[in-house]
$ cat final30.txt   # compact mmCIF, C-alpha atoms
# COMPACT_ATOMS: atom_id res chain seq x y z
CA MET K 1 116.09 106.98 75.98
CA SER K 2 118.52 109.91 76.27
CA GLU K 3 120.06 111.15 79.54
CA PHE K 4 117.92 114.29 79.28
CA ASP K 5 114.70 112.24 78.96
CA PHE K 6 115.80 110.10 81.88
CA ILE K 7 116.35 113.11 84.16
CA THR K 8 113.09 114.74 83.01
CA ILE K 9 111.15 111.55 83.89
CA ILE K 10 112.82 111.50 87.34
CA ILE K 11 111.75 115.12 87.96
CA ALA K 12 108.17 114.55 86.72
CA SER K 13 107.94 111.35 88.80
CA GLY K 14 109.22 113.21 91.85
CA PHE K 15 106.36 115.69 91.45
CA ALA K 16 103.89 112.83 90.91
CA GLY K 17 105.15 111.04 94.04
CA LEU K 18 104.84 114.23 96.11
CA ILE K 19 101.26 114.92 94.97
CA GLY K 20 100.36 111.22 95.14
CA ALA K 21 101.52 110.94 98.76
CA LEU K 22 99.74 114.16 99.77
CA THR K 23 96.40 113.25 98.21
CA GLY K 24 96.36 109.45 98.60
CA LEU K 25 95.89 108.96 94.84
CA GLY K 26 99.22 107.31 93.98
CA GLY K 27 101.09 108.90 91.12
CA GLY K 28 99.57 107.42 87.97
CA ILE K 29 97.39 110.41 87.15
CA ILE K 30 100.48 112.58 86.49
CA ILE K 31 102.87 109.88 85.25
CA ILE K 32 100.64 108.31 82.58
CA PRO K 33 99.80 111.51 80.58
CA CYS K 34 103.41 112.69 81.01
CA LEU K 35 104.90 109.46 79.59
CA THR K 36 102.42 109.16 76.72
CA LEU K 37 102.19 112.81 75.63
CA ILE K 38 105.77 114.04 76.19
CA PHE K 39 107.85 110.87 75.76
CA HIS K 40 105.51 109.03 73.34
CA ILE K 41 105.65 105.83 75.38
CA PRO K 42 102.88 103.33 74.44
CA ILE K 43 99.82 103.64 76.70
CA HIS K 44 100.04 100.14 78.21
CA GLN K 45 103.70 100.61 79.16
CA ALA K 46 102.78 104.00 80.64
CA MET K 47 99.91 102.42 82.61
CA ALA K 48 102.29 99.77 83.96
CA ALA K 49 104.74 102.53 84.94
CA GLY K 50 101.80 104.34 86.60
CA LEU K 51 101.05 101.26 88.71
CA ILE K 52 104.75 100.94 89.64
CA ALA K 53 104.66 104.64 90.61
CA THR K 54 101.62 103.96 92.82
CA ILE K 55 103.40 101.03 94.52
CA THR K 56 106.51 103.18 95.11
CA THR K 57 104.47 106.15 96.41
CA SER K 58 102.60 103.87 98.78
CA SER K 59 105.78 102.20 100.09
CA GLY K 60 107.82 105.41 100.22
CA SER K 61 105.31 107.43 102.23
CA ALA K 62 103.95 104.58 104.41
CA ALA K 63 106.90 104.57 106.83
CA THR K 64 106.59 108.29 107.63
CA LEU K 65 102.78 108.25 107.80
CA LEU K 66 102.79 105.21 110.13
CA GLU K 67 105.32 106.92 112.40
CA GLN K 68 103.24 110.11 112.48
CA GLY K 69 100.15 108.10 113.44
CA PHE K 70 97.95 109.21 110.52
CA THR K 71 97.49 105.72 109.00
CA ASN K 72 94.65 103.65 110.48
CA LEU K 73 95.76 100.07 109.77
CA LYS K 74 92.49 98.53 110.98
CA ILE K 75 90.35 100.60 108.62
CA GLY K 76 92.84 100.08 105.81
CA MET K 77 92.88 96.28 106.07
CA PHE K 78 89.10 96.07 106.54
CA LEU K 79 88.46 98.17 103.43
CA GLU K 80 91.11 96.39 101.36
CA VAL K 81 89.15 93.14 101.80
CA GLY K 82 86.25 94.87 99.99
CA THR K 83 88.59 96.06 97.23
CA ILE K 84 90.01 92.56 96.68
CA ILE K 85 86.49 91.01 96.51
CA GLY K 86 85.36 93.75 94.08
CA ALA K 87 88.46 93.31 91.90
CA PHE K 88 87.84 89.56 91.53
CA VAL K 89 84.16 90.12 90.65
CA GLY K 90 85.26 92.81 88.18
CA ALA K 91 87.70 90.43 86.52
CA LEU K 92 84.86 87.88 86.12
CA LEU K 93 82.43 90.45 84.69
CA VAL K 94 84.85 92.13 82.29
CA ALA K 95 83.56 90.22 79.23
CA ILE K 96 79.88 91.17 79.67
CA THR K 97 80.14 94.75 80.98
CA PRO K 98 79.62 97.80 78.73
CA ILE K 99 83.03 99.28 79.63
CA HIS K 100 82.63 102.63 77.82
CA LEU K 101 79.29 103.34 79.47
CA LEU K 102 80.88 102.53 82.83
CA GLN K 103 83.82 104.86 82.12
CA THR K 104 81.43 107.71 81.28
CA LEU K 105 79.38 107.07 84.41
CA PHE K 106 82.48 106.87 86.62
CA GLY K 107 83.79 110.12 85.11
CA ALA K 108 80.47 111.84 85.83
CA ILE K 109 80.52 110.57 89.46
CA LEU K 110 84.06 111.90 89.95
CA LEU K 111 83.17 115.30 88.48
CA SER K 112 80.08 115.58 90.72
CA SER K 113 82.25 114.58 93.73
CA ALA K 114 84.72 117.33 92.80
CA LEU K 115 81.81 119.81 92.66
CA LEU K 116 80.66 118.61 96.08
CA LEU K 117 84.15 119.13 97.50
CA TRP K 118 84.35 122.60 95.90
CA ARG K 119 81.11 123.65 97.59
CA GLN K 120 82.32 122.29 100.92
CA LYS K 121 84.42 125.28 102.00
CA ASN K 122 85.36 124.24 105.51
CA ASP K 123 86.89 121.08 106.90
CA GLN K 124 84.57 118.27 107.95
CA ILE K 125 82.61 118.81 111.13
CA MET K 126 83.76 116.08 113.53
CA GLN K 127 81.10 113.44 114.06
CA LYS K 128 79.88 113.08 117.63
CA THR K 129 79.46 109.29 117.60
CA SER K 130 81.02 106.35 115.77
CA ASP K 131 79.20 103.55 113.99
CA PRO K 132 78.51 100.83 116.67
CA LEU K 133 80.21 98.24 114.44
CA ALA K 134 83.28 100.49 114.13
CA ILE K 135 83.45 100.72 117.93
CA LYS K 136 83.09 96.93 118.22
CA LEU K 137 85.95 96.48 115.74
CA GLY K 138 88.08 99.05 117.57
CA MET K 139 88.46 101.39 114.58
CA PRO K 140 88.29 104.86 116.20
CA ALA K 141 91.84 106.05 116.90
CA GLN K 142 93.88 109.04 117.92
CA LEU K 143 94.70 111.80 115.46
CA PRO K 144 97.95 113.61 116.11
CA ASN K 145 97.77 117.35 115.50
CA SER K 146 99.21 120.58 116.82
CA MET K 147 96.38 120.84 119.39
CA GLY K 148 97.36 117.53 120.98
CA ASN K 149 96.03 114.05 120.29
CA HIS K 150 92.27 113.55 120.05
CA ILE K 151 90.12 110.55 119.18
CA TYR K 152 88.21 110.72 115.89
CA ASN K 153 85.03 108.82 115.09
CA VAL K 154 84.35 106.41 112.25
CA CYS K 155 80.90 106.43 110.59
CA ARG K 156 78.98 104.25 108.10
CA ILE K 157 81.58 101.51 107.73
CA LYS K 158 79.17 99.18 105.88
CA MET K 159 78.62 101.84 103.22
CA GLY K 160 82.40 102.43 103.14
CA PHE K 161 82.99 98.71 102.62
CA LEU K 162 80.42 98.61 99.78
CA LEU K 163 82.12 101.60 98.13
CA MET K 164 85.45 99.80 98.40
CA MET K 165 83.91 96.82 96.62
CA CYS K 166 82.81 99.26 93.88
CA ALA K 167 86.36 100.66 93.81
CA GLY K 168 87.74 97.14 93.38
CA LEU K 169 85.11 96.39 90.74
CA LEU K 170 86.17 99.50 88.80
CA SER K 171 89.84 98.51 89.15
CA GLY K 172 89.08 95.06 87.77
CA LEU K 173 86.88 96.34 84.93
CA LEU K 174 88.68 99.52 83.86
CA GLY K 175 92.29 98.76 84.84
CA ILE K 176 92.58 101.95 86.88
CA GLY K 177 93.91 102.65 90.34
CA SER K 178 91.06 103.31 92.74
CA GLY K 179 92.70 105.89 95.03
CA SER K 180 90.09 108.52 94.17
CA VAL K 181 87.16 106.30 95.29
CA LYS K 182 89.09 105.21 98.42
CA VAL K 183 89.76 108.76 99.59
CA LEU K 184 86.21 109.90 98.72
CA ALA K 185 84.67 106.97 100.61
CA MET K 186 86.78 107.52 103.73
CA ASP K 187 86.45 111.31 103.66
CA GLN K 188 82.84 111.85 102.56
CA VAL K 189 81.08 108.64 103.68
CA MET K 190 83.01 107.38 106.71
CA ARG K 191 83.74 110.98 107.80
CA LEU K 192 87.36 110.30 108.70
CA PRO K 193 89.66 113.30 109.11
CA TYR K 194 91.05 114.13 105.65
CA LYS K 195 94.69 113.41 106.53
CA VAL K 196 93.74 110.01 107.99
CA ALA K 197 91.82 109.25 104.79
CA THR K 198 94.77 110.14 102.53
CA ALA K 199 97.33 108.34 104.73
CA THR K 200 95.19 105.18 104.96
CA SER K 201 94.52 105.29 101.21
CA ASN K 202 98.29 105.68 100.66
CA PHE K 203 98.90 102.53 102.71
CA ILE K 204 96.44 100.35 100.78
CA ILE K 205 96.76 101.62 97.19
CA GLY K 206 100.14 99.91 96.89
CA ILE K 207 98.49 96.56 97.66
CA THR K 208 95.72 97.17 95.09
CA ALA K 209 98.28 98.26 92.47
CA ALA K 210 100.42 95.17 93.17
CA ALA K 211 97.37 92.97 92.55
CA SER K 212 96.91 94.63 89.12
CA ILE K 213 100.56 94.77 87.97
CA GLY K 214 100.79 91.01 87.35
CA ILE K 215 98.62 91.23 84.24
CA TYR K 216 100.78 94.02 82.76
CA TRP K 217 103.94 92.10 83.66
CA SER K 218 102.75 88.87 82.05
CA HIS K 219 101.97 90.80 78.83
CA GLY K 220 105.47 92.34 78.82
CA TYR K 221 104.31 95.92 79.41
CA VAL K 222 106.66 96.54 82.35
CA ASN K 223 109.57 98.26 80.62
CA GLU K 224 112.61 98.37 82.89
CA THR K 225 114.19 101.46 81.33
CA THR K 226 110.93 103.42 81.71
CA CYS K 227 110.12 102.17 85.20
CA THR K 228 113.58 102.79 86.69
CA PRO K 229 113.50 106.64 86.52
CA VAL K 230 109.83 106.53 87.55
CA VAL K 231 110.70 104.52 90.70
CA LEU K 232 113.69 106.71 91.62
CA GLY K 233 111.77 109.97 91.13
CA THR K 234 108.56 108.79 92.79
CA LEU K 235 110.45 107.46 95.80
CA CYS K 236 112.06 110.87 96.49
CA GLY K 237 108.73 112.68 95.95
CA SER K 238 106.71 110.33 98.13
CA VAL K 239 109.17 110.50 101.05
CA LEU K 240 108.93 114.32 100.89
CA GLY K 241 105.13 114.08 100.59
CA GLY K 242 104.97 111.94 103.73
CA HIS K 243 106.84 114.65 105.65
CA PHE K 244 104.75 117.52 104.21
CA LEU K 245 101.37 115.91 104.98
CA LYS K 246 101.55 116.90 108.64
CA LYS K 247 102.51 120.50 107.85
CA TRP K 248 100.22 121.33 104.93
CA LYS K 249 96.71 122.63 105.57
CA THR K 250 93.82 120.24 104.99
CA GLN K 251 91.95 122.77 102.84
CA LEU K 252 94.89 123.06 100.43
CA LEU K 253 95.23 119.27 100.19
CA ARG K 254 91.50 118.98 99.55
CA GLN K 255 91.75 121.56 96.73
CA ILE K 256 94.61 119.65 95.08
CA PHE K 257 92.58 116.43 95.40
CA MET K 258 89.53 118.16 93.89
CA ILE K 259 91.53 119.32 90.85
CA LEU K 260 93.04 115.86 90.34
CA ILE K 261 89.73 113.97 90.52
CA SER K 262 88.28 116.50 88.05
CA ILE K 263 91.11 115.63 85.64
CA ILE K 264 90.51 111.88 86.14
CA GLY K 265 86.77 112.45 85.61
CA ILE K 266 87.32 114.34 82.35
CA GLN K 267 89.79 111.65 81.16
CA MET K 268 87.24 108.91 81.93
CA ILE K 269 84.37 110.72 80.16
CA TYR K 270 86.65 111.40 77.15
CA ARG K 271 87.62 107.72 76.93
CA GLY K 272 84.06 106.55 77.53
CA ILE K 273 82.42 108.83 74.97
CA GLY K 274 85.25 108.12 72.51
CA GLY K 275 84.43 104.42 72.79
CA LEU K 276 80.66 104.87 72.61
CA LEU K 277 80.72 107.00 69.42
CA MET Z 278 105.62 94.04 117.26
CA LYS Z 279 104.91 97.75 116.78
CA GLU Z 280 102.99 99.45 113.95
CA GLN Z 281 106.06 101.52 113.12
CA GLN Z 282 108.14 98.38 112.47
CA ILE Z 283 106.02 97.68 109.36
CA GLY Z 284 107.00 101.15 108.13
CA ILE Z 285 110.67 100.53 108.91
CA VAL Z 286 110.69 97.26 106.91
CA LEU Z 287 108.98 99.07 104.03
CA ARG Z 288 111.50 101.90 104.18
CA TYR Z 289 114.50 99.55 104.05
CA GLY Z 290 112.83 97.43 101.37
CA VAL Z 291 112.22 100.43 99.13
CA LEU Z 292 115.74 101.72 99.74
CA LEU Z 293 117.15 98.30 98.78
CA ALA Z 294 115.05 98.32 95.58
CA ALA Z 295 116.28 101.85 94.78
CA LEU Z 296 119.91 100.80 95.40
CA ILE Z 297 119.48 97.80 93.08
CA LEU Z 298 118.08 100.11 90.39
CA ILE Z 299 120.91 102.64 90.81
CA PHE Z 300 123.47 99.82 90.70
CA ALA Z 301 121.77 98.48 87.55
CA LEU Z 302 121.88 101.97 85.98
CA ILE Z 303 125.61 102.21 86.64
CA GLY Z 304 125.95 98.73 85.11
CA LEU Z 305 123.90 99.78 82.08
CA SER Z 306 126.02 102.88 81.64
CA ILE Z 307 129.23 100.80 81.78
CA ALA Z 308 127.72 98.27 79.37
CA ASN Z 309 126.82 101.00 76.88
CA HIS Z 310 130.12 102.87 77.04
CA PHE Z 311 132.77 100.25 77.73
CA HIS Z 312 131.04 96.98 76.67
CA THR Z 313 132.64 95.23 79.67
CA ILE Z 314 129.39 93.60 80.84
CA PRO Z 315 126.41 92.57 78.71
CA THR Z 316 123.42 94.99 78.70
CA ASN Z 317 121.09 92.09 79.54
CA TYR Z 318 122.64 91.68 83.00
CA ALA Z 319 121.90 95.30 83.89
CA LEU Z 320 118.33 95.05 82.56
CA SER Z 321 117.79 91.84 84.47
CA LEU Z 322 119.01 93.56 87.65
CA MET Z 323 116.48 96.38 87.03
CA ARG Z 324 113.72 93.77 86.66
CA TRP Z 325 114.70 92.28 90.03
CA GLY Z 326 114.60 95.73 91.64
CA ILE Z 327 111.07 96.34 90.35
CA LEU Z 328 110.01 92.83 91.34
CA LEU Z 329 111.29 93.51 94.87
CA LEU Z 330 108.98 96.53 95.05
CA VAL Z 331 106.00 94.38 94.04
CA ALA Z 332 106.96 91.59 96.46
CA LEU Z 333 107.28 94.18 99.21
CA GLN Z 334 103.49 94.65 99.10
CA LEU Z 335 102.96 90.99 99.98
CA ILE Z 336 105.56 91.27 102.75
CA ARG Z 337 103.73 94.37 104.01
CA VAL Z 338 100.41 92.50 104.26
CA MET Z 339 102.08 89.55 106.03
CA LEU Z 340 103.79 91.89 108.50
CA THR Z 341 100.43 93.54 109.15
CA ALA Z 342 99.01 90.08 109.94
CA VAL Z 343 101.90 89.47 112.36
CA PHE Z 344 101.32 92.90 113.93
CA PHE Z 345 97.61 92.21 114.47
CA SER Z 346 98.31 88.72 115.86
CA SER Z 347 100.71 90.27 118.40
CA GLN Z 348 97.81 92.55 119.41
CA LYS Z 349 95.41 89.54 119.46
CA GLU Z 350 93.15 91.31 116.95
CA TRP Z 351 92.01 88.09 115.26
CA PHE Z 352 89.42 89.72 112.98
CA TYR Z 353 92.14 91.85 111.38
CA VAL Z 354 94.52 88.88 111.22
CA GLY Z 355 91.81 87.18 109.14
CA CYS Z 356 91.43 90.27 106.93
CA SER Z 357 95.21 90.45 106.36
CA ILE Z 358 95.46 86.73 105.53
CA PHE Z 359 92.55 87.05 103.09
CA ILE Z 360 94.29 90.00 101.36
CA ALA Z 361 97.60 88.09 101.30
CA PHE Z 362 95.88 85.14 99.59
CA GLY Z 363 94.12 87.41 97.08
CA LEU Z 364 97.36 89.22 96.27
CA SER Z 365 99.36 85.99 95.98
CA TYR Z 366 96.72 84.45 93.71
CA SER Z 367 96.71 87.53 91.48
CA LEU Z 368 100.52 87.66 91.29
CA PHE Z 369 101.25 83.95 90.85
CA LYS Z 370 98.50 83.57 88.25
CA CYS Z 371 100.18 86.17 86.04
CA PHE Z 372 103.89 85.51 86.55

$ encode --input "final30.txt" --output "C-alpha cells"
Amino acid sequence: MSEFDFITIIIASGFAGLIGALTGLGGGIIIIPCLTLIFHIPIHQAMAAGLIATITTSSGSAATLLEQGFTNLKIGMFLEVGTIIGAFVGALLVAITPIHLLQTLFGAILLSSALLLWRQKNDQIMQKTSDPLAIKLGMPAQLPNSMGNHIYNVCRIKMGFLLMMCAGLLSGLLGIGSGSVKVLAMDQVMRLPYKVATATSNFIIGITAAASIGIYWSHGYVNETTCTPVVLGTLCGSVLGGHFLKKWKTQLLRQIFMILISIIGIQMIYRGIGGLL
Amino acid sequence: MKEQQIGIVLRYGVLLAALILIFALIGLSIANHFHTIPTNYALSLMRWGILLLVALQLIRVMLTAVFFSSQKEWFYVGCSIFIAFGLSYSLFKCF
C-alpha cells in the first residue's frame, strides 16, 4: 500500500466515522465499498475492516455521547441481550436458511423503511405514556436539549426486544452489522427521540461487531495494514461526530440515515437477487 | 461509579490503541527504510493495537455491569453479565 493510498483511506474512514457516529450505523457501509471498489481489497478483508471501523466508531463516540446524556444504557443493555440471543440462533440456523432470499427480503424491508421515513416529514410526536414494563425497569430518562432537560417515554419494549433478536439473527445469518435495524426499532417502534436512538445504537453496535469479528480474525481476514488507517481515520471522524450530534438538526440526521439505509437495502437486494439467479 | 466513567475508560482505551498503531506505523516505516527492526515486529504491534480495540468492548460491558451494581440495578447487572458471557464465548471460540 502506497503512502497516498494510506492517507486516502484515513480520509475516507474519517468521513465514515463521522457519518457512522451521527446515524448510529457504524462505518461499514462507507468503508466496505470504498475499500473494495477503489483499493481493490478482497471483500472479506474489507468486511473485517468494516467491523473494526464499527468498533472504533462506537468506542470513539461513546465517551462524548455518554457525557452529553444521549445514551440510554438501560435500554442499550436490555436490547443487546436480544441481539446476542438472535446472533446465536442465527449461527445455528445458517446451514438451513435460504440466505439469498433472506437478503432480498431484508433489502426490501430497509427500502420500505426508508420510504416510511421519507414520508414522515416532521420529528416524532412525543408519546404521552411509557410502556408499563419500561416504567417498571426504569427506562424513561432525561433528554438534554436547548429547551432544558425533559423526560422522554419508552414504548413497546417487547416489540423492540423481538426486533433486536431479528437484528441479531440477521447479523448471524448474513454477517452484517445490524445498526440499521437497531436505530429503526428504537426510533419507529419504541418511539425514542432520534438522537437517543442513534446514541444508544452507537453504544451497542461496537459490542455486536466485536462478537462477529472473531470469525474474521480466525480466518485471517483482519489485515493489519488495511485496518490501521481505517482505525485512525474512523477514530477522528467518530469523535467529531459525537460532538456534532448535539448541534445538528434531527431532520437532517434522519435524512442522512434514510439515504444510507436505502443504499444498504439496494446492496442487499443486489446480492440476494444475484445469488438467486 | 458514574455513567461518564465508562466513557472515560473507553476514551483512554481507544487513545491507547491509536497510539500503539501510530507507534507501529513509525516502526514499520523505519523497518522499510532503514531495516533496523524486522517488519514483523511492527505488524505484530499493529495486531495488538487492533486486539486492544476488540477487548475494549468486553471491558466496556464489564464496566457497565459494575456501574449497574453500584446503582443496585440487578436486572441490568444480569443483562450485562449475560452479554459479557456471550461476547467472551464468541471471541474465545474463534481466537

$ residues_around --input "final30.txt" --residues "segment 64-75 of chain K" --least-positions-apart "2" --cutoff "7 Å" --atoms "only C-alpha atoms" --output "PyMOL selection string"
(chain K and resi 61-62+77-79+139+143-144+195-196+199-200+242-243) or (chain Z and resi 280-281+284+353)

$ closest_residue --input "final30.txt" --among "K:Leu111, K:Thr97, K:Phe244, K:Thr228" --to "Gly172 of chain K" --atoms "all atoms listed in the file"
K:Thr97

$ residues_near_point --input "final30.txt" --point "(114.4, 99.6, 97.6)" --cutoff "12 Å" --atoms "all atoms listed in the file" --output "PyMOL selection string"
(chain K and resi 55-57+59-60+228+231-232+234-236) or (chain Z and resi 285-300+323+325-333)

$ atom_distance --input "final30.txt" --atom1 "atom CA of Gly26 of chain K" --atom2 "atom CA of Gly14 of chain K"
11.8 Å

$ closest_residue --input "final30.txt" --among "Z:Ala361, Z:Arg324, Z:Leu368, Z:Ser306" --to "Thr341 of chain Z" --atoms "only C-alpha atoms"
Z:Ala361

$ residues_around --input "final30.txt" --residues "Asp5 of chain K" --least-positions-apart "2" --cutoff "12 Å" --atoms "only C-alpha atoms" --output "list in words"
Met1, Ser2, Glu3, Ile7, Thr8, Ile9, Ile10, Ile11, Ala12, Ser13, Cys34, Leu35, Ile38, Phe39, His40, Ile41, Thr225, Thr226, Pro229 and Val230 of chain K

$ residues_near_point --input "final30.txt" --point "(83.4, 116.0, 94.0)" --cutoff "10 Å" --atoms "only C-alpha atoms" --output "JSON list (two decimals) with C-alpha atoms, keeping the file's coordinate frame"
[["chain", "number", "residue", "atom", "x", "y", "z"],
["K", 108, "ALA", "CA", 80.47, 111.84, 85.83],
["K", 109, "ILE", "CA", 80.52, 110.57, 89.46],
["K", 110, "LEU", "CA", 84.06, 111.90, 89.95],
["K", 111, "LEU", "CA", 83.17, 115.30, 88.48],
["K", 112, "SER", "CA", 80.08, 115.58, 90.72],
["K", 113, "SER", "CA", 82.25, 114.58, 93.73],
["K", 114, "ALA", "CA", 84.72, 117.33, 92.80],
["K", 115, "LEU", "CA", 81.81, 119.81, 92.66],
["K", 116, "LEU", "CA", 80.66, 118.61, 96.08],
["K", 117, "LEU", "CA", 84.15, 119.13, 97.50],
["K", 118, "TRP", "CA", 84.35, 122.60, 95.90],
["K", 119, "ARG", "CA", 81.11, 123.65, 97.59],
["K", 120, "GLN", "CA", 82.32, 122.29, 100.92],
["K", 184, "LEU", "CA", 86.21, 109.90, 98.72],
["K", 188, "GLN", "CA", 82.84, 111.85, 102.56],
["K", 257, "PHE", "CA", 92.58, 116.43, 95.40],
["K", 258, "MET", "CA", 89.53, 118.16, 93.89],
["K", 259, "ILE", "CA", 91.53, 119.32, 90.85],
["K", 261, "ILE", "CA", 89.73, 113.97, 90.52],
["K", 262, "SER", "CA", 88.28, 116.50, 88.05],
["K", 265, "GLY", "CA", 86.77, 112.45, 85.61]]

$ atom_distance --input "final30.txt" --atom1 "atom CA of Ile358 of chain Z" --atom2 "atom CA of Val189 of chain K"
26.3 Å
